[in-house]
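**Student:** Please find one structure pasted underneath; my questions will follow.
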Amino acid sequence: MRCFRATSALAAVLVTAALAGCSKGPVAAVASPPSPASSDPSPSSTPSPARTHPFTGAPAGADGPVLAVKIDNTRSAKPQLGLRSADIVYVEQVEGGLSRIMAIFSSKLPSSVGPVRSARISDLHLLPQFGRPAFAYS
């Protein structure tokens with residue numbers, strides 16, 4: 001019993017010493033010298049950043065319209081039309097092991113797109129991040 005108490009006491013001392021070694025002592029706050037006050041404010045020489053498209057990073061208006069289109073992704077639907085113009089492409093799992101594509105267009109609209117398929121509940125979770133996009137589905 002005595003050996004157990006001595007081991008426990010030694011373990012407590014070691015844990016306390018280890019914890020004390022991990023903590024830092026008090027840190028003195030270093031005050032920086034006050035900056036000299038200027039009587040006349042100088043205009044900012046930093047130019048405002050150029051607006052870029054949020055999807056591509058290319059210079060463009062960032063508030064352009066967004067079109068989301070639901071496209072078939074089966075073997076018989078390939079090749080799909082207009083996907084090369086998409087800024088973002090989502091592949092969504094649907095029933096029966098099939099998938100559908102949601103193509104997001106903003107910087108460039110294709111002349112044609114398809115084959116267009118039906119909307120799914122999962123689309124309601126993706127679309128709000130684009131504000132109020134137009135959504136094309138069958």
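Chain lettering (A, B, ...) mirrors the order of the structure tokens, residue numbering begins at 1 for each chain separately, and ligand numbering begins at 1 in order of display.
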As a list in words, which residues of segment 74-130 of chain A does DSSP assign to strand (DSSP E)?
**Tutor:**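 Written out, the strand (DSSP E) residues of segment 74-130 of chain A are Ile88, Val89, Tyr90, Val91, Glu92, Gln93, Ser99, Arg100, Ile101, Met102, Ala103, Ile104 and Phe105 of chain A.
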**Student:** Selected residues, all heavy atoms, written as an mmCIF file, in the first residue's frame, please.
**Tutor:**
data_model
loop_
_atom_site.group_PDB
_atom_site.id
_atom_site.type_symbol
_atom_site.label_atom_id
_atom_site.label_comp_id
_atom_site.auth_asym_id
_atom_site.auth_seq_id
_atom_site.Cartn_x
_atom_site.Cartn_y
_atom_site.Cartn_z
ATOM 1 N N ILE A 88 -19.361 26.615 -63.680
ATOM 2 C CA ILE A 88 -19.325 25.605 -62.626
ATOM 3 C C ILE A 88 -20.192 24.438 -63.085
ATOM 4 O O ILE A 88 -21.265 24.650 -63.655
ATOM 5 C CB ILE A 88 -19.872 26.167 -61.294
ATOM 6 C CG1 ILE A 88 -19.033 27.354 -60.837
ATOM 7 C CG2 ILE A 88 -19.909 25.089 -60.215
ATOM 8 C CD1 ILE A 88 -19.610 28.094 -59.648
ATOM 9 N N VAL A 89 -19.735 23.217 -62.826
ATOM 10 C CA VAL A 89 -20.514 22.024 -63.167
ATOM 11 C C VAL A 89 -20.624 21.150 -61.924
ATOM 12 O O VAL A 89 -19.613 20.767 -61.339
ATOM 13 C CB VAL A 89 -19.860 21.229 -64.318
ATOM 14 C CG1 VAL A 89 -20.628 19.945 -64.587
ATOM 15 C CG2 VAL A 89 -19.774 22.071 -65.576
ATOM 16 N N TYR A 90 -21.856 20.851 -61.525
ATOM 17 C CA TYR A 90 -22.115 19.928 -60.422
ATOM 18 C C TYR A 90 -22.588 18.614 -61.020
ATOM 19 O O TYR A 90 -23.368 18.604 -61.970
ATOM 20 C CB TYR A 90 -23.241 20.442 -59.514
ATOM 21 C CG TYR A 90 -22.898 21.658 -58.714
ATOM 22 C CD1 TYR A 90 -23.262 22.922 -59.158
ATOM 23 C CD2 TYR A 90 -22.243 21.542 -57.503
ATOM 24 C CE1 TYR A 90 -22.966 24.048 -58.410
ATOM 25 C CE2 TYR A 90 -21.947 22.667 -56.742
ATOM 26 C CZ TYR A 90 -22.312 23.912 -57.207
ATOM 27 O OH TYR A 90 -22.019 25.018 -56.478
ATOM 28 N N VAL A 91 -22.141 17.505 -60.453
ATOM 29 C CA VAL A 91 -22.674 16.195 -60.802
ATOM 30 C C VAL A 91 -23.403 15.702 -59.561
ATOM 31 O O VAL A 91 -22.795 15.525 -58.507
ATOM 32 C CB VAL A 91 -21.562 15.211 -61.218
ATOM 33 C CG1 VAL A 91 -22.154 13.844 -61.530
ATOM 34 C CG2 VAL A 91 -20.799 15.752 -62.406
ATOM 35 N N GLU A 92 -24.725 15.499 -59.709
ATOM 36 C CA GLU A 92 -25.554 15.121 -58.576
ATOM 37 C C GLU A 92 -26.025 13.682 -58.728
ATOM 38 O O GLU A 92 -26.509 13.296 -59.789
ATOM 39 C CB GLU A 92 -26.782 16.026 -58.496
ATOM 40 C CG GLU A 92 -26.460 17.487 -58.286
ATOM 41 C CD GLU A 92 -27.704 18.340 -58.331
ATOM 42 O OE1 GLU A 92 -28.211 18.584 -59.436
ATOM 43 O OE2 GLU A 92 -28.171 18.721 -57.249
ATOM 44 N N GLN A 93 -25.893 12.914 -57.663
ATOM 45 C CA GLN A 93 -26.381 11.540 -57.632
ATOM 46 C C GLN A 93 -27.904 11.569 -57.527
ATOM 47 O O GLN A 93 -28.457 12.311 -56.717
ATOM 48 C CB GLN A 93 -25.785 10.813 -56.427
ATOM 49 C CG GLN A 93 -26.071 9.338 -56.399
ATOM 50 C CD GLN A 93 -25.226 8.583 -57.401
ATOM 51 O OE1 GLN A 93 -24.103 8.951 -57.651
ATOM 52 N NE2 GLN A 93 -25.774 7.541 -57.970
ATOM 53 N N SER A 99 -26.817 9.815 -62.449
ATOM 54 C CA SER A 99 -26.444 11.164 -62.025
ATOM 55 C C SER A 99 -26.964 12.171 -63.042
ATOM 56 O O SER A 99 -27.231 11.840 -64.189
ATOM 57 C CB SER A 99 -24.923 11.292 -61.864
ATOM 58 O OG SER A 99 -24.281 11.066 -63.094
ATOM 59 N N ARG A 100 -27.124 13.373 -62.561
ATOM 60 C CA ARG A 100 -27.534 14.495 -63.405
ATOM 61 C C ARG A 100 -26.497 15.593 -63.215
ATOM 62 O O ARG A 100 -25.823 15.686 -62.202
ATOM 63 C CB ARG A 100 -28.906 15.035 -62.996
ATOM 64 C CG ARG A 100 -30.037 14.061 -63.133
ATOM 65 C CD ARG A 100 -30.450 13.894 -64.584
ATOM 66 N NE ARG A 100 -31.635 13.071 -64.692
ATOM 67 C CZ ARG A 100 -31.622 11.795 -65.030
ATOM 68 N NH1 ARG A 100 -30.487 11.184 -65.258
ATOM 69 N NH2 ARG A 100 -32.737 11.114 -65.136
ATOM 70 N N ILE A 101 -26.416 16.462 -64.195
ATOM 71 C CA ILE A 101 -25.489 17.586 -64.157
ATOM 72 C C ILE A 101 -26.280 18.862 -63.942
ATOM 73 O O ILE A 101 -27.349 19.042 -64.525
ATOM 74 C CB ILE A 101 -24.702 17.673 -65.481
ATOM 75 C CG1 ILE A 101 -23.790 16.456 -65.616
ATOM 76 C CG2 ILE A 101 -23.915 18.967 -65.582
ATOM 77 C CD1 ILE A 101 -23.112 16.337 -66.959
ATOM 78 N N MET A 102 -25.752 19.740 -63.088
ATOM 79 C CA MET A 102 -26.285 21.097 -63.019
ATOM 80 C C MET A 102 -25.153 22.004 -63.475
ATOM 81 O O MET A 102 -24.123 22.104 -62.829
ATOM 82 C CB MET A 102 -26.733 21.510 -61.630
ATOM 83 C CG MET A 102 -27.322 22.922 -61.674
ATOM 84 S SD MET A 102 -27.766 23.630 -60.105
ATOM 85 C CE MET A 102 -28.987 22.517 -59.527
ATOM 86 N N ALA A 103 -25.362 22.638 -64.614
ATOM 87 C CA ALA A 103 -24.366 23.545 -65.170
ATOM 88 C C ALA A 103 -24.742 24.967 -64.791
ATOM 89 O O ALA A 103 -25.898 25.368 -64.935
ATOM 90 C CB ALA A 103 -24.303 23.386 -66.688
ATOM 91 N N ILE A 104 -23.760 25.721 -64.310
ATOM 92 C CA ILE A 104 -23.964 27.116 -63.903
ATOM 93 C C ILE A 104 -23.263 28.003 -64.926
ATOM 94 O O ILE A 104 -22.055 27.901 -65.123
ATOM 95 C CB ILE A 104 -23.392 27.373 -62.496
ATOM 96 C CG1 ILE A 104 -23.915 26.344 -61.490
ATOM 97 C CG2 ILE A 104 -23.658 28.805 -62.061
ATOM 98 C CD1 ILE A 104 -25.410 26.399 -61.248
ATOM 99 N N PHE A 105 -24.029 28.884 -65.551
ATOM 100 C CA PHE A 105 -23.505 29.791 -66.572
ATOM 101 C C PHE A 105 -23.643 31.226 -66.082
ATOM 102 O O PHE A 105 -24.673 31.608 -65.549
ATOM 103 C CB PHE A 105 -24.290 29.653 -67.881
ATOM 104 C CG PHE A 105 -24.294 28.263 -68.443
ATOM 105 C CD1 PHE A 105 -25.326 27.382 -68.167
ATOM 106 C CD2 PHE A 105 -23.262 27.835 -69.261
ATOM 107 C CE1 PHE A 105 -25.327 26.104 -68.689
ATOM 108 C CE2 PHE A 105 -23.255 26.555 -69.793
ATOM 109 C CZ PHE A 105 -24.290 25.692 -69.507
#
**Student:** Would you mind listing what lies within 7 Å of segment 126-136 of chain A as a ChimeraX atom specification, with only C-alpha atoms counted and same-chain residues fewer than 3 positions away left out?
**Tutor:** /A:65-70,122-123
**Student:** Please dump the current selection as a tab-separated table (two decimals), in the first residue's frame; keep N, CA, C and O atoms.
**Tutor:**
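Okay, result.tsv is ready:
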chain	number	residue	atom	x	y	z
A	65	PRO	N	-26.05	38.12	-64.54
A	65	PRO	CA	-27.07	37.10	-64.28
A	65	PRO	C	-26.45	35.70	-64.25
A	65	PRO	O	-25.41	35.45	-64.85
A	66	VAL	N	-27.11	34.81	-63.53
A	66	VAL	CA	-26.67	33.42	-63.42
A	66	VAL	C	-27.78	32.53	-63.94
A	66	VAL	O	-28.94	32.70	-63.58
A	67	LEU	N	-27.41	31.58	-64.80
A	67	LEU	CA	-28.35	30.60	-65.33
A	67	LEU	C	-27.89	29.22	-64.90
A	67	LEU	O	-26.74	28.84	-65.12
A	68	ALA	N	-28.78	28.47	-64.26
A	68	ALA	CA	-28.51	27.09	-63.86
A	68	ALA	C	-29.37	26.19	-64.74
A	68	ALA	O	-30.56	26.43	-64.90
A	69	VAL	N	-28.75	25.15	-65.31
A	69	VAL	CA	-29.48	24.24	-66.19
A	69	VAL	C	-29.25	22.81	-65.73
A	69	VAL	O	-28.10	22.40	-65.53
A	70	LYS	N	-30.33	22.05	-65.61
A	70	LYS	CA	-30.25	20.63	-65.24
A	70	LYS	C	-30.11	19.82	-66.52
A	70	LYS	O	-30.94	19.90	-67.42
A	122	SER	N	-32.53	18.30	-54.32
A	122	SER	CA	-31.15	18.71	-54.02
A	122	SER	C	-30.80	20.04	-54.68
A	122	SER	O	-29.92	20.76	-54.22
A	123	ASP	N	-31.49	20.38	-55.77
A	123	ASP	CA	-31.23	21.66	-56.44
A	123	ASP	C	-31.57	22.84	-55.54
A	123	ASP	O	-30.93	23.89	-55.62
**Student:** Tell me, in Å to one decimal, how far atom CA of Ile71 of chain A is from atom CA of Val116 of chain A.
**Tutor:**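 Distance reported for this atom pair: 4.5 Å.
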**Student:** How many Å lie between atom CA of Asn73 of chain A and atom CA of Glu95 of chain A, rounded to one decimal?
**Tutor:**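 These atoms are spaced 12.6 Å apart.
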**Student:** Find the residues around Ser111 of chain A up to 8 Å (only C-alpha atoms counted), leave out those fewer than 2 positions away in its own chain, and share them as a list in words.
**Tutor:** Gly82, Leu109 and Val113 of chain A
